[in-house]
$ cat run25.cif   # mmCIF, N, CA and C atoms
data_data
loop_
_atom_site.label_atom_id
_atom_site.label_comp_id
_atom_site.auth_asym_id
_atom_site.auth_seq_id
_atom_site.Cartn_x
_atom_site.Cartn_y
_atom_site.Cartn_z
N ALA M 1 79.49 127.77 108.54
CA ALA M 1 79.34 127.11 107.26
C ALA M 1 78.94 128.14 106.20
N PRO M 2 79.47 128.05 105.01
CA PRO M 2 79.15 129.01 103.96
C PRO M 2 77.68 128.97 103.53
N PHE M 3 77.00 127.91 103.88
CA PHE M 3 75.59 127.77 103.48
C PHE M 3 74.66 128.06 104.65
N TYR M 4 75.19 128.77 105.67
CA TYR M 4 74.38 129.21 106.80
C TYR M 4 74.93 130.55 107.28
N GLY M 5 74.30 131.63 106.81
CA GLY M 5 74.78 132.95 107.18
C GLY M 5 74.06 134.01 106.39
N THR M 6 74.63 135.21 106.37
CA THR M 6 74.05 136.30 105.61
C THR M 6 75.09 136.80 104.60
N TYR M 7 74.55 137.29 103.47
CA TYR M 7 75.41 137.77 102.39
C TYR M 7 74.89 139.10 101.88
N GLU M 8 75.84 140.02 101.64
CA GLU M 8 75.48 141.34 101.13
C GLU M 8 75.15 141.27 99.64
N THR M 9 74.18 142.07 99.23
CA THR M 9 73.77 142.13 97.83
C THR M 9 74.30 143.40 97.17
N ALA M 10 74.08 143.53 95.87
CA ALA M 10 74.61 144.66 95.10
C ALA M 10 74.16 146.01 95.62
N ASP M 11 72.99 146.08 96.22
CA ASP M 11 72.44 147.36 96.70
C ASP M 11 72.68 147.60 98.18
N GLY M 12 73.52 146.79 98.82
CA GLY M 12 73.80 146.96 100.25
C GLY M 12 72.81 146.25 101.14
N GLY M 13 71.85 145.52 100.57
CA GLY M 13 70.93 144.70 101.36
C GLY M 13 71.60 143.40 101.72
N TYR M 14 70.85 142.53 102.37
CA TYR M 14 71.40 141.23 102.76
C TYR M 14 70.38 140.13 102.52
N MET M 15 70.91 138.94 102.26
CA MET M 15 70.09 137.74 102.13
C MET M 15 70.56 136.76 103.20
N ALA M 16 69.60 136.11 103.86
CA ALA M 16 69.90 135.10 104.87
C ALA M 16 69.82 133.73 104.21
N VAL M 17 70.81 132.89 104.49
CA VAL M 17 70.89 131.56 103.91
C VAL M 17 70.94 130.54 105.05
N GLY M 18 70.11 129.50 104.92
CA GLY M 18 70.10 128.42 105.91
C GLY M 18 69.93 127.07 105.24
N ALA M 19 70.68 126.84 104.16
CA ALA M 19 70.55 125.61 103.36
C ALA M 19 71.40 124.49 103.96
N LEU M 20 71.02 124.03 105.15
CA LEU M 20 71.84 123.05 105.86
C LEU M 20 71.75 121.64 105.28
N GLU M 21 70.55 121.19 104.95
CA GLU M 21 70.39 119.84 104.43
C GLU M 21 70.80 119.81 102.96
N LYS M 22 71.31 118.66 102.53
CA LYS M 22 71.86 118.55 101.17
C LYS M 22 70.84 118.89 100.09
N ARG M 23 69.59 118.49 100.26
CA ARG M 23 68.60 118.78 99.20
C ARG M 23 68.33 120.28 99.10
N PHE M 24 68.31 120.98 100.23
CA PHE M 24 68.12 122.43 100.22
C PHE M 24 69.36 123.11 99.64
N TYR M 25 70.52 122.59 100.01
CA TYR M 25 71.78 123.13 99.50
C TYR M 25 71.86 122.99 97.99
N ALA M 26 71.45 121.85 97.46
CA ALA M 26 71.50 121.63 96.01
C ALA M 26 70.64 122.66 95.28
N GLU M 27 69.44 122.93 95.81
CA GLU M 27 68.57 123.92 95.18
C GLU M 27 69.16 125.33 95.34
N PHE M 28 69.72 125.60 96.49
CA PHE M 28 70.38 126.89 96.74
C PHE M 28 71.48 127.14 95.71
N MET M 29 72.36 126.17 95.52
CA MET M 29 73.46 126.33 94.57
C MET M 29 72.97 126.45 93.14
N GLU M 30 71.92 125.70 92.81
CA GLU M 30 71.36 125.77 91.46
C GLU M 30 70.80 127.16 91.18
N LEU M 31 69.98 127.68 92.10
CA LEU M 31 69.38 129.00 91.91
C LEU M 31 70.41 130.12 91.99
N LEU M 32 71.45 129.90 92.76
CA LEU M 32 72.52 130.89 92.87
C LEU M 32 73.36 130.91 91.58
N GLY M 33 73.30 129.83 90.84
CA GLY M 33 74.05 129.74 89.59
C GLY M 33 75.45 129.19 89.77
N LEU M 34 75.65 128.40 90.83
CA LEU M 34 76.98 127.85 91.11
C LEU M 34 76.99 126.33 91.26
N PRO M 35 76.11 125.58 90.64
CA PRO M 35 76.04 124.16 90.96
C PRO M 35 77.33 123.38 90.71
N ASP M 36 78.08 123.70 89.66
CA ASP M 36 79.29 122.96 89.35
C ASP M 36 80.54 123.83 89.36
N GLN M 37 80.40 125.06 89.84
CA GLN M 37 81.52 126.00 89.77
C GLN M 37 82.17 126.28 91.12
N ALA M 38 81.68 125.68 92.19
CA ALA M 38 82.19 125.99 93.53
C ALA M 38 82.74 124.72 94.17
N PRO M 39 83.59 124.88 95.17
CA PRO M 39 84.10 123.71 95.89
C PRO M 39 82.95 122.89 96.50
N ALA M 40 83.21 121.63 96.72
CA ALA M 40 82.22 120.73 97.31
C ALA M 40 81.83 121.19 98.72
N ARG M 41 80.58 121.03 99.03
CA ARG M 41 80.03 121.43 100.32
C ARG M 41 80.74 120.73 101.48
N ASP M 42 81.12 119.50 101.30
CA ASP M 42 81.71 118.70 102.38
C ASP M 42 83.23 118.87 102.51
N ASP M 43 83.83 119.67 101.66
CA ASP M 43 85.27 119.90 101.71
C ASP M 43 85.55 121.08 102.63
N LEU M 44 85.64 120.80 103.93
CA LEU M 44 85.82 121.86 104.92
C LEU M 44 87.07 122.69 104.68
N ALA M 45 88.09 122.10 104.11
CA ALA M 45 89.33 122.83 103.85
C ALA M 45 89.12 123.94 102.81
N ARG M 46 88.05 123.83 102.03
CA ARG M 46 87.79 124.83 100.99
C ARG M 46 86.55 125.68 101.30
N TRP M 47 86.09 125.67 102.53
CA TRP M 47 84.91 126.45 102.89
C TRP M 47 85.11 127.94 102.66
N GLU M 48 86.28 128.44 102.92
CA GLU M 48 86.52 129.88 102.71
C GLU M 48 86.38 130.22 101.23
N GLU M 49 86.86 129.35 100.38
CA GLU M 49 86.72 129.53 98.93
C GLU M 49 85.25 129.46 98.52
N LEU M 50 84.51 128.53 99.12
CA LEU M 50 83.08 128.42 98.84
C LEU M 50 82.35 129.67 99.32
N ARG M 51 82.68 130.13 100.52
CA ARG M 51 82.06 131.35 101.07
C ARG M 51 82.31 132.54 100.14
N THR M 52 83.52 132.66 99.62
CA THR M 52 83.86 133.76 98.72
C THR M 52 83.06 133.66 97.42
N ALA M 53 82.92 132.45 96.88
CA ALA M 53 82.15 132.26 95.64
C ALA M 53 80.69 132.64 95.85
N VAL M 54 80.11 132.25 96.97
CA VAL M 54 78.72 132.58 97.27
C VAL M 54 78.57 134.09 97.46
N ALA M 55 79.49 134.69 98.21
CA ALA M 55 79.43 136.13 98.46
C ALA M 55 79.55 136.92 97.15
N ASP M 56 80.43 136.49 96.29
CA ASP M 56 80.59 137.17 95.00
C ASP M 56 79.31 137.10 94.17
N ARG M 57 78.65 135.96 94.17
CA ARG M 57 77.40 135.81 93.42
C ARG M 57 76.32 136.71 93.99
N PHE M 58 76.18 136.75 95.31
CA PHE M 58 75.15 137.59 95.91
C PHE M 58 75.39 139.07 95.62
N ARG M 59 76.64 139.48 95.53
CA ARG M 59 76.94 140.89 95.24
C ARG M 59 76.65 141.27 93.79
N ALA M 60 76.28 140.30 92.98
CA ALA M 60 76.01 140.56 91.56
C ALA M 60 74.59 141.06 91.30
N ARG M 61 73.69 140.92 92.26
CA ARG M 61 72.30 141.35 92.09
C ARG M 61 71.80 142.04 93.35
N THR M 62 70.69 142.75 93.22
CA THR M 62 70.09 143.45 94.37
C THR M 62 69.34 142.46 95.25
N ARG M 63 69.01 142.92 96.44
CA ARG M 63 68.22 142.09 97.36
C ARG M 63 66.88 141.73 96.73
N ALA M 64 66.23 142.67 96.08
CA ALA M 64 64.94 142.40 95.44
C ALA M 64 65.08 141.36 94.34
N GLU M 65 66.13 141.45 93.57
CA GLU M 65 66.35 140.47 92.50
C GLU M 65 66.57 139.07 93.07
N TRP M 66 67.38 138.96 94.12
CA TRP M 66 67.61 137.65 94.74
C TRP M 66 66.35 137.13 95.41
N THR M 67 65.59 138.03 96.00
CA THR M 67 64.33 137.60 96.62
C THR M 67 63.43 136.95 95.57
N GLU M 68 63.38 137.54 94.40
CA GLU M 68 62.57 136.98 93.31
C GLU M 68 63.12 135.63 92.86
N VAL M 69 64.43 135.51 92.76
CA VAL M 69 65.06 134.25 92.34
C VAL M 69 64.68 133.12 93.29
N PHE M 70 64.71 133.38 94.59
CA PHE M 70 64.49 132.33 95.58
C PHE M 70 63.04 132.19 96.03
N ALA M 71 62.17 133.07 95.58
CA ALA M 71 60.75 133.02 95.98
C ALA M 71 60.14 131.68 95.59
N GLY M 72 59.45 131.07 96.53
CA GLY M 72 58.74 129.81 96.27
C GLY M 72 59.65 128.59 96.18
N SER M 73 60.93 128.76 96.46
CA SER M 73 61.85 127.62 96.39
C SER M 73 62.04 126.98 97.76
N ASP M 74 62.71 125.85 97.77
CA ASP M 74 63.08 125.19 99.02
C ASP M 74 64.56 125.41 99.34
N ALA M 75 65.11 126.49 98.82
CA ALA M 75 66.54 126.75 98.99
C ALA M 75 66.89 127.35 100.35
N CYS M 76 65.91 127.68 101.15
CA CYS M 76 66.13 128.24 102.49
C CYS M 76 66.89 129.56 102.44
N VAL M 77 66.42 130.46 101.60
CA VAL M 77 67.02 131.79 101.45
C VAL M 77 65.90 132.82 101.55
N ALA M 78 66.15 133.89 102.31
CA ALA M 78 65.15 134.95 102.47
C ALA M 78 65.86 136.29 102.62
N PRO M 79 65.17 137.37 102.27
CA PRO M 79 65.78 138.69 102.45
C PRO M 79 65.85 139.05 103.93
N VAL M 80 66.88 139.78 104.31
CA VAL M 80 66.97 140.33 105.66
C VAL M 80 66.25 141.67 105.61
N LEU M 81 65.19 141.78 106.39
CA LEU M 81 64.34 142.97 106.36
C LEU M 81 64.68 143.93 107.49
N SER M 82 64.47 145.21 107.23
CA SER M 82 64.63 146.20 108.29
C SER M 82 63.39 146.15 109.19
N LEU M 83 63.47 146.78 110.34
CA LEU M 83 62.31 146.81 111.24
C LEU M 83 61.15 147.56 110.61
N ARG M 84 61.42 148.46 109.71
CA ARG M 84 60.33 149.17 109.01
C ARG M 84 59.69 148.28 107.96
N GLU M 85 60.46 147.41 107.33
CA GLU M 85 59.95 146.53 106.28
C GLU M 85 59.24 145.29 106.83
N ALA M 86 59.73 144.75 107.92
CA ALA M 86 59.26 143.46 108.42
C ALA M 86 57.75 143.37 108.63
N PRO M 87 57.09 144.35 109.25
CA PRO M 87 55.65 144.21 109.46
C PRO M 87 54.84 144.07 108.17
N GLY M 88 55.33 144.59 107.07
CA GLY M 88 54.61 144.52 105.81
C GLY M 88 54.89 143.27 105.00
N HIS M 89 55.83 142.45 105.43
CA HIS M 89 56.15 141.23 104.69
C HIS M 89 54.98 140.26 104.78
N PRO M 90 54.53 139.71 103.65
CA PRO M 90 53.34 138.85 103.65
C PRO M 90 53.40 137.68 104.63
N HIS M 91 54.55 137.05 104.77
CA HIS M 91 54.68 135.91 105.69
C HIS M 91 54.49 136.35 107.14
N LEU M 92 55.14 137.44 107.52
CA LEU M 92 55.04 137.93 108.90
C LEU M 92 53.66 138.49 109.19
N ALA M 93 53.05 139.12 108.19
CA ALA M 93 51.69 139.65 108.37
C ALA M 93 50.70 138.50 108.56
N ALA M 94 50.84 137.44 107.78
CA ALA M 94 49.92 136.29 107.88
C ALA M 94 50.05 135.61 109.25
N ARG M 95 51.21 135.63 109.83
CA ARG M 95 51.43 135.00 111.14
C ARG M 95 51.10 135.93 112.31
N GLY M 96 50.80 137.19 112.02
CA GLY M 96 50.51 138.14 113.09
C GLY M 96 51.72 138.42 113.96
N THR M 97 52.88 138.47 113.34
CA THR M 97 54.13 138.67 114.08
C THR M 97 54.23 140.07 114.69
N PHE M 98 53.57 141.02 114.07
CA PHE M 98 53.58 142.40 114.56
C PHE M 98 52.14 142.85 114.80
N VAL M 99 51.97 143.76 115.76
CA VAL M 99 50.66 144.33 116.04
C VAL M 99 50.77 145.84 116.09
N ASP M 100 49.66 146.51 115.84
CA ASP M 100 49.61 147.95 115.96
C ASP M 100 48.83 148.27 117.22
N HIS M 101 49.42 149.02 118.12
CA HIS M 101 48.76 149.42 119.36
C HIS M 101 48.98 150.91 119.55
N GLY M 102 47.90 151.65 119.54
CA GLY M 102 47.99 153.10 119.74
C GLY M 102 48.81 153.78 118.66
N GLY M 103 48.76 153.25 117.44
CA GLY M 103 49.51 153.85 116.34
C GLY M 103 50.97 153.47 116.29
N ILE M 104 51.39 152.56 117.14
CA ILE M 104 52.79 152.12 117.16
C ILE M 104 52.84 150.64 116.79
N THR M 105 53.60 150.32 115.77
CA THR M 105 53.79 148.92 115.38
C THR M 105 54.89 148.33 116.23
N GLN M 106 54.59 147.15 116.79
CA GLN M 106 55.57 146.49 117.65
C GLN M 106 55.42 144.98 117.55
N PRO M 107 56.43 144.23 117.97
CA PRO M 107 56.32 142.78 117.92
C PRO M 107 55.14 142.29 118.76
N ALA M 108 54.45 141.29 118.26
CA ALA M 108 53.34 140.69 119.00
C ALA M 108 53.91 139.82 120.12
N PRO M 109 53.12 139.58 121.16
CA PRO M 109 53.59 138.70 122.24
C PRO M 109 53.93 137.32 121.69
N ALA M 110 54.95 136.74 122.25
CA ALA M 110 55.35 135.38 121.87
C ALA M 110 55.90 134.68 123.10
N PRO M 111 55.73 133.40 123.23
CA PRO M 111 54.97 132.53 122.33
C PRO M 111 53.48 132.76 122.50
N ARG M 112 52.72 132.25 121.56
CA ARG M 112 51.26 132.39 121.60
C ARG M 112 50.64 131.03 121.90
N PHE M 113 49.79 131.01 122.91
CA PHE M 113 49.10 129.79 123.29
C PHE M 113 47.61 129.97 123.06
N SER M 114 46.93 128.92 122.62
CA SER M 114 45.50 129.03 122.32
C SER M 114 44.67 129.25 123.58
N ALA M 115 45.06 128.65 124.69
CA ALA M 115 44.26 128.77 125.91
C ALA M 115 44.54 130.08 126.66
N THR M 116 45.72 130.62 126.49
CA THR M 116 46.08 131.85 127.19
C THR M 116 46.75 132.82 126.23
N PRO M 117 46.01 133.35 125.27
CA PRO M 117 46.62 134.25 124.28
C PRO M 117 47.11 135.54 124.94
N GLY M 118 48.26 135.99 124.48
CA GLY M 118 48.79 137.26 124.99
C GLY M 118 48.22 138.42 124.20
N ALA M 119 48.36 139.60 124.74
CA ALA M 119 47.89 140.79 124.04
C ALA M 119 48.76 141.98 124.45
N VAL M 120 48.93 142.90 123.54
CA VAL M 120 49.64 144.13 123.86
C VAL M 120 48.62 145.06 124.50
N ARG M 121 48.91 145.49 125.70
CA ARG M 121 47.95 146.31 126.45
C ARG M 121 48.34 147.79 126.52
N ARG M 122 49.60 148.07 126.19
CA ARG M 122 50.05 149.46 126.23
C ARG M 122 51.20 149.63 125.25
N PRO M 123 51.44 150.85 124.84
CA PRO M 123 52.56 151.09 123.91
C PRO M 123 53.89 150.90 124.63
N PRO M 124 54.98 150.76 123.90
CA PRO M 124 56.27 150.62 124.55
C PRO M 124 56.64 151.89 125.30
N SER M 125 57.43 151.74 126.32
CA SER M 125 57.90 152.89 127.10
C SER M 125 58.85 153.73 126.26
N THR M 126 58.89 155.00 126.57
CA THR M 126 59.87 155.86 125.90
C THR M 126 61.24 155.57 126.52
N PRO M 127 62.31 155.73 125.78
CA PRO M 127 63.64 155.45 126.32
C PRO M 127 63.90 156.24 127.60
N GLY M 128 64.33 155.53 128.61
CA GLY M 128 64.66 156.14 129.90
C GLY M 128 63.50 156.33 130.84
N ALA M 129 62.27 156.02 130.41
CA ALA M 129 61.09 156.28 131.23
C ALA M 129 61.07 155.46 132.52
N ASP M 130 61.67 154.29 132.50
CA ASP M 130 61.62 153.40 133.67
C ASP M 130 62.97 153.23 134.36
N THR M 131 63.91 154.10 134.05
CA THR M 131 65.26 153.95 134.59
C THR M 131 65.29 153.95 136.11
N ALA M 132 64.63 154.91 136.73
CA ALA M 132 64.65 155.00 138.19
C ALA M 132 64.02 153.77 138.83
N GLU M 133 62.90 153.31 138.29
CA GLU M 133 62.23 152.13 138.84
C GLU M 133 63.11 150.88 138.72
N VAL M 134 63.75 150.71 137.57
CA VAL M 134 64.62 149.56 137.37
C VAL M 134 65.82 149.63 138.31
N ALA M 135 66.40 150.80 138.45
CA ALA M 135 67.55 150.97 139.35
C ALA M 135 67.15 150.65 140.79
N ARG M 136 65.94 151.05 141.20
CA ARG M 136 65.46 150.73 142.56
C ARG M 136 65.35 149.23 142.74
N ASP M 137 64.87 148.53 141.73
CA ASP M 137 64.73 147.07 141.81
C ASP M 137 66.07 146.38 142.00
N TRP M 138 67.13 146.95 141.43
CA TRP M 138 68.45 146.35 141.56
C TRP M 138 69.05 146.58 142.93
N GLY M 139 68.57 147.61 143.62
CA GLY M 139 69.10 147.92 144.93
C GLY M 139 70.42 148.64 144.85
N PRO M 140 71.02 148.87 146.02
CA PRO M 140 72.29 149.61 146.03
C PRO M 140 73.38 148.81 145.33
N VAL M 141 74.26 149.53 144.67
CA VAL M 141 75.36 148.91 143.94
C VAL M 141 76.66 149.22 144.66
N SER M 142 77.46 148.20 144.87
CA SER M 142 78.76 148.38 145.50
C SER M 142 79.84 148.32 144.44
N TYR M 143 80.70 149.32 144.43
CA TYR M 143 81.77 149.36 143.46
C TYR M 143 83.11 148.93 144.04
N THR M 144 83.09 148.41 145.26
CA THR M 144 84.36 148.03 145.92
C THR M 144 85.00 146.83 145.27
N HIS M 145 84.21 146.02 144.57
CA HIS M 145 84.78 144.83 143.94
C HIS M 145 85.41 145.11 142.58
N LEU M 146 85.28 146.33 142.10
CA LEU M 146 85.83 146.66 140.78
C LEU M 146 87.28 146.86 140.82
#

$ encode --input "run25.cif" --output "structure tokens"
Amino acid sequence: APFYGTYETADGGYMAVGALEKRFYAEFMELLGLPDQAPARDDLARWEELRTAVADRFRARTRAEWTEVFAGSDACVAPVLSLREAPGHPHLAARGTFVDHGGITQPAPAPRFSATPGAVRRPPSTPGADTAEVARDWGPVSYTHL
């Protein structure tokens, strides 16, 4: 659906859109500046045209500009953040989505339960550090079926 996906912005960033319900979609189209200029949401035969109209609008401004436009709205639009940006985002920081362990920022354990909270006890392994152990766990591999 054209109202559920990601769209590139003028600066090469992306915005994520999830305006599935009609009331969210209406606000999305209003803030995007296309309320009466795009095909109807329910006209599946014109979805490609609607997708193109939305994509063209998003390419008209930067990710930061669109983030500001949609901030505090119910339009179900948010910036797509890089892994370097995500830990500093106010929403993710408030939820404790990332933790710092030994100077390395990494995703916090999920799901989180009040009676049995998870915790990061060690930093992530370096690439390839556990290859031999994992291969041993898989056991011998037979290539005769290939």

$ residues_around --input "run25.cif" --residues "stretch 36-48 of chain M" --least-positions-apart "5" --cutoff "7 Å" --atoms "all atoms listed in the file" --output "ChimeraX atom specification"
/M:2,29,53

$ closest_residue --input "run25.cif" --among "M:Glu8, M:Leu20, M:Pro107, M:Val134" --to "M:Asp56" --atoms "all atoms listed in the file"
M:Glu8

$ atom_distance --input "run25.cif" --atom1 "atom CA of M:Val80" --atom2 "atom N of M:Ala93"
14.2 Å

$ atom_distance --input "run25.cif" --atom1 "atom CA of M:Gly33" --atom2 "atom CA of M:Leu81"
23.5 Å

$ closest_residue --input "run25.cif" --among "M:Val120, M:Ala55, M:Ala10, M:Ala16" --to "M:Leu34" --atoms "only C-alpha atoms"
M:Ala55

$ atom_distance --input "run25.cif" --atom1 "atom CA of M:Tyr25" --atom2 "atom CA of M:His89"
24.5 Å

$ select_by_dssp --input "run25.cif" --residues "chain M" --states "strand (DSSP E or B)" --output "PyMOL selection string"
chain M and resi 4-8+14-18+77-79+98-101+104-107

$ residues_around --input "run25.cif" --residues "M:Thr62" --least-positions-apart "3" --cutoff "7 Å" --atoms "all atoms listed in the file" --output "compact mmCIF listing (two decimals) with N, CA and C atoms, in the coordinates of the input"
# COMPACT_ATOMS: atom_id res chain seq x y z
N THR M 9 74.18 142.07 99.23
CA THR M 9 73.77 142.13 97.83
C THR M 9 74.30 143.40 97.17
N ALA M 10 74.08 143.53 95.87
CA ALA M 10 74.61 144.66 95.10
C ALA M 10 74.16 146.01 95.62
N ASP M 11 72.99 146.08 96.22
CA ASP M 11 72.44 147.36 96.70
C ASP M 11 72.68 147.60 98.18
N GLY M 12 73.52 146.79 98.82
CA GLY M 12 73.80 146.96 100.25
C GLY M 12 72.81 146.25 101.14
N GLY M 13 71.85 145.52 100.57
CA GLY M 13 70.93 144.70 101.36
C GLY M 13 71.60 143.40 101.72
N PHE M 58 76.18 136.75 95.31
CA PHE M 58 75.15 137.59 95.91
C PHE M 58 75.39 139.07 95.62
N ARG M 59 76.64 139.48 95.53
CA ARG M 59 76.94 140.89 95.24
C ARG M 59 76.65 141.27 93.79
N GLU M 65 66.13 141.45 93.57
CA GLU M 65 66.35 140.47 92.50
C GLU M 65 66.57 139.07 93.07
N TRP M 66 67.38 138.96 94.12
CA TRP M 66 67.61 137.65 94.74
C TRP M 66 66.35 137.13 95.41
N THR M 67 65.59 138.03 96.00
CA THR M 67 64.33 137.60 96.62
C THR M 67 63.43 136.95 95.57

$ residues_around --input "run25.cif" --residues "M:Ala108" --least-positions-apart "2" --cutoff "8 Å" --atoms "only C-alpha atoms" --output "list in words"
Gly96, Thr97, Phe98, Val99, Gln106, Ala110, Ala119 and Val120 of chain M

$ residues_around --input "run25.cif" --residues "M:Asp74" --least-positions-apart "2" --cutoff "9 Å" --atoms "only C-alpha atoms" --output "list in words"
Ala19, Arg23, Phe24, Tyr25, Glu27, Phe28, Phe70, Ala71, Gly72, Cys76 and Val77 of chain M

$ write_last_selection --input "run25.cif" --atoms "N, CA and C atoms" --output "short mmCIF file (atom, residue, chain, number, x, y, z; two decimals), keeping the file's coordinate frame"
data_model
loop_
_atom_site.label_atom_id
_atom_site.label_comp_id
_atom_site.auth_asym_id
_atom_site.auth_seq_id
_atom_site.Cartn_x
_atom_site.Cartn_y
_atom_site.Cartn_z
N ALA M 19 70.68 126.84 104.16
CA ALA M 19 70.55 125.61 103.36
C ALA M 19 71.40 124.49 103.96
N ARG M 23 69.59 118.49 100.26
CA ARG M 23 68.60 118.78 99.20
C ARG M 23 68.33 120.28 99.10
N PHE M 24 68.31 120.98 100.23
CA PHE M 24 68.12 122.43 100.22
C PHE M 24 69.36 123.11 99.64
N TYR M 25 70.52 122.59 100.01
CA TYR M 25 71.78 123.13 99.50
C TYR M 25 71.86 122.99 97.99
N GLU M 27 69.44 122.93 95.81
CA GLU M 27 68.57 123.92 95.18
C GLU M 27 69.16 125.33 95.34
N PHE M 28 69.72 125.60 96.49
CA PHE M 28 70.38 126.89 96.74
C PHE M 28 71.48 127.14 95.71
N PHE M 70 64.71 133.38 94.59
CA PHE M 70 64.49 132.33 95.58
C PHE M 70 63.04 132.19 96.03
N ALA M 71 62.17 133.07 95.58
CA ALA M 71 60.75 133.02 95.98
C ALA M 71 60.14 131.68 95.59
N GLY M 72 59.45 131.07 96.53
CA GLY M 72 58.74 129.81 96.27
C GLY M 72 59.65 128.59 96.18
N CYS M 76 65.91 127.68 101.15
CA CYS M 76 66.13 128.24 102.49
C CYS M 76 66.89 129.56 102.44
N VAL M 77 66.42 130.46 101.60
CA VAL M 77 67.02 131.79 101.45
C VAL M 77 65.90 132.82 101.55
#

$ select_by_dssp --input "run25.cif" --residues "stretch 55-123 of chain M" --states "alpha helix (DSSP H)" --output "list in words"
Ala55, Asp56, Arg57, Phe58, Arg63, Ala64, Glu65, Trp66, Thr67, Glu68, Val69, Phe70, Pro90, His91, Leu92, Ala93, Ala94 and Arg95 of chain M

$ decode --input "run25.cif" --residues "stretch 68-73 of chain M" --atoms "all heavy atoms" --output "tab-separated table (two decimals), in the first residue's frame"
chain	number	residue	atom	x	y	z
M	68	GLU	N	10.29	17.36	11.03
M	68	GLU	CA	9.68	18.52	11.68
M	68	GLU	C	8.20	18.65	11.30
M	68	GLU	O	7.36	18.93	12.15
M	68	GLU	CB	10.44	19.80	11.31
M	68	GLU	CG	9.94	21.04	12.01
M	68	GLU	CD	10.14	21.02	13.52
M	68	GLU	OE1	11.09	20.38	14.00
M	68	GLU	OE2	9.32	21.65	14.22
M	69	VAL	N	7.88	18.44	10.04
M	69	VAL	CA	6.50	18.54	9.57
M	69	VAL	C	5.60	17.56	10.32
M	69	VAL	O	4.51	17.90	10.76
M	69	VAL	CB	6.40	18.28	8.04
M	69	VAL	CG1	4.95	18.06	7.60
M	69	VAL	CG2	7.04	19.42	7.26
M	70	PHE	N	6.07	16.33	10.50
M	70	PHE	CA	5.24	15.28	11.09
M	70	PHE	C	5.39	15.15	12.61
M	70	PHE	O	4.66	14.38	13.24
M	70	PHE	CB	5.53	13.94	10.42
M	70	PHE	CG	5.02	13.86	9.01
M	70	PHE	CD1	5.88	13.98	7.93
M	70	PHE	CD2	3.67	13.70	8.76
M	70	PHE	CE1	5.40	13.92	6.63
M	70	PHE	CE2	3.18	13.65	7.46
M	70	PHE	CZ	4.05	13.75	6.39
M	71	ALA	N	6.29	15.90	13.20
M	71	ALA	CA	6.52	15.82	14.66
M	71	ALA	C	5.23	16.16	15.41
M	71	ALA	O	4.55	17.13	15.11
M	71	ALA	CB	7.63	16.78	15.07
M	72	GLY	N	4.89	15.32	16.37
M	72	GLY	CA	3.72	15.56	17.22
M	72	GLY	C	2.39	15.28	16.54
M	72	GLY	O	1.35	15.54	17.12
M	73	SER	N	2.42	14.74	15.33
M	73	SER	CA	1.16	14.46	14.62
M	73	SER	C	0.75	13.01	14.83
M	73	SER	O	1.51	12.20	15.34
M	73	SER	CB	1.32	14.75	13.13
M	73	SER	OG	2.03	13.70	12.49
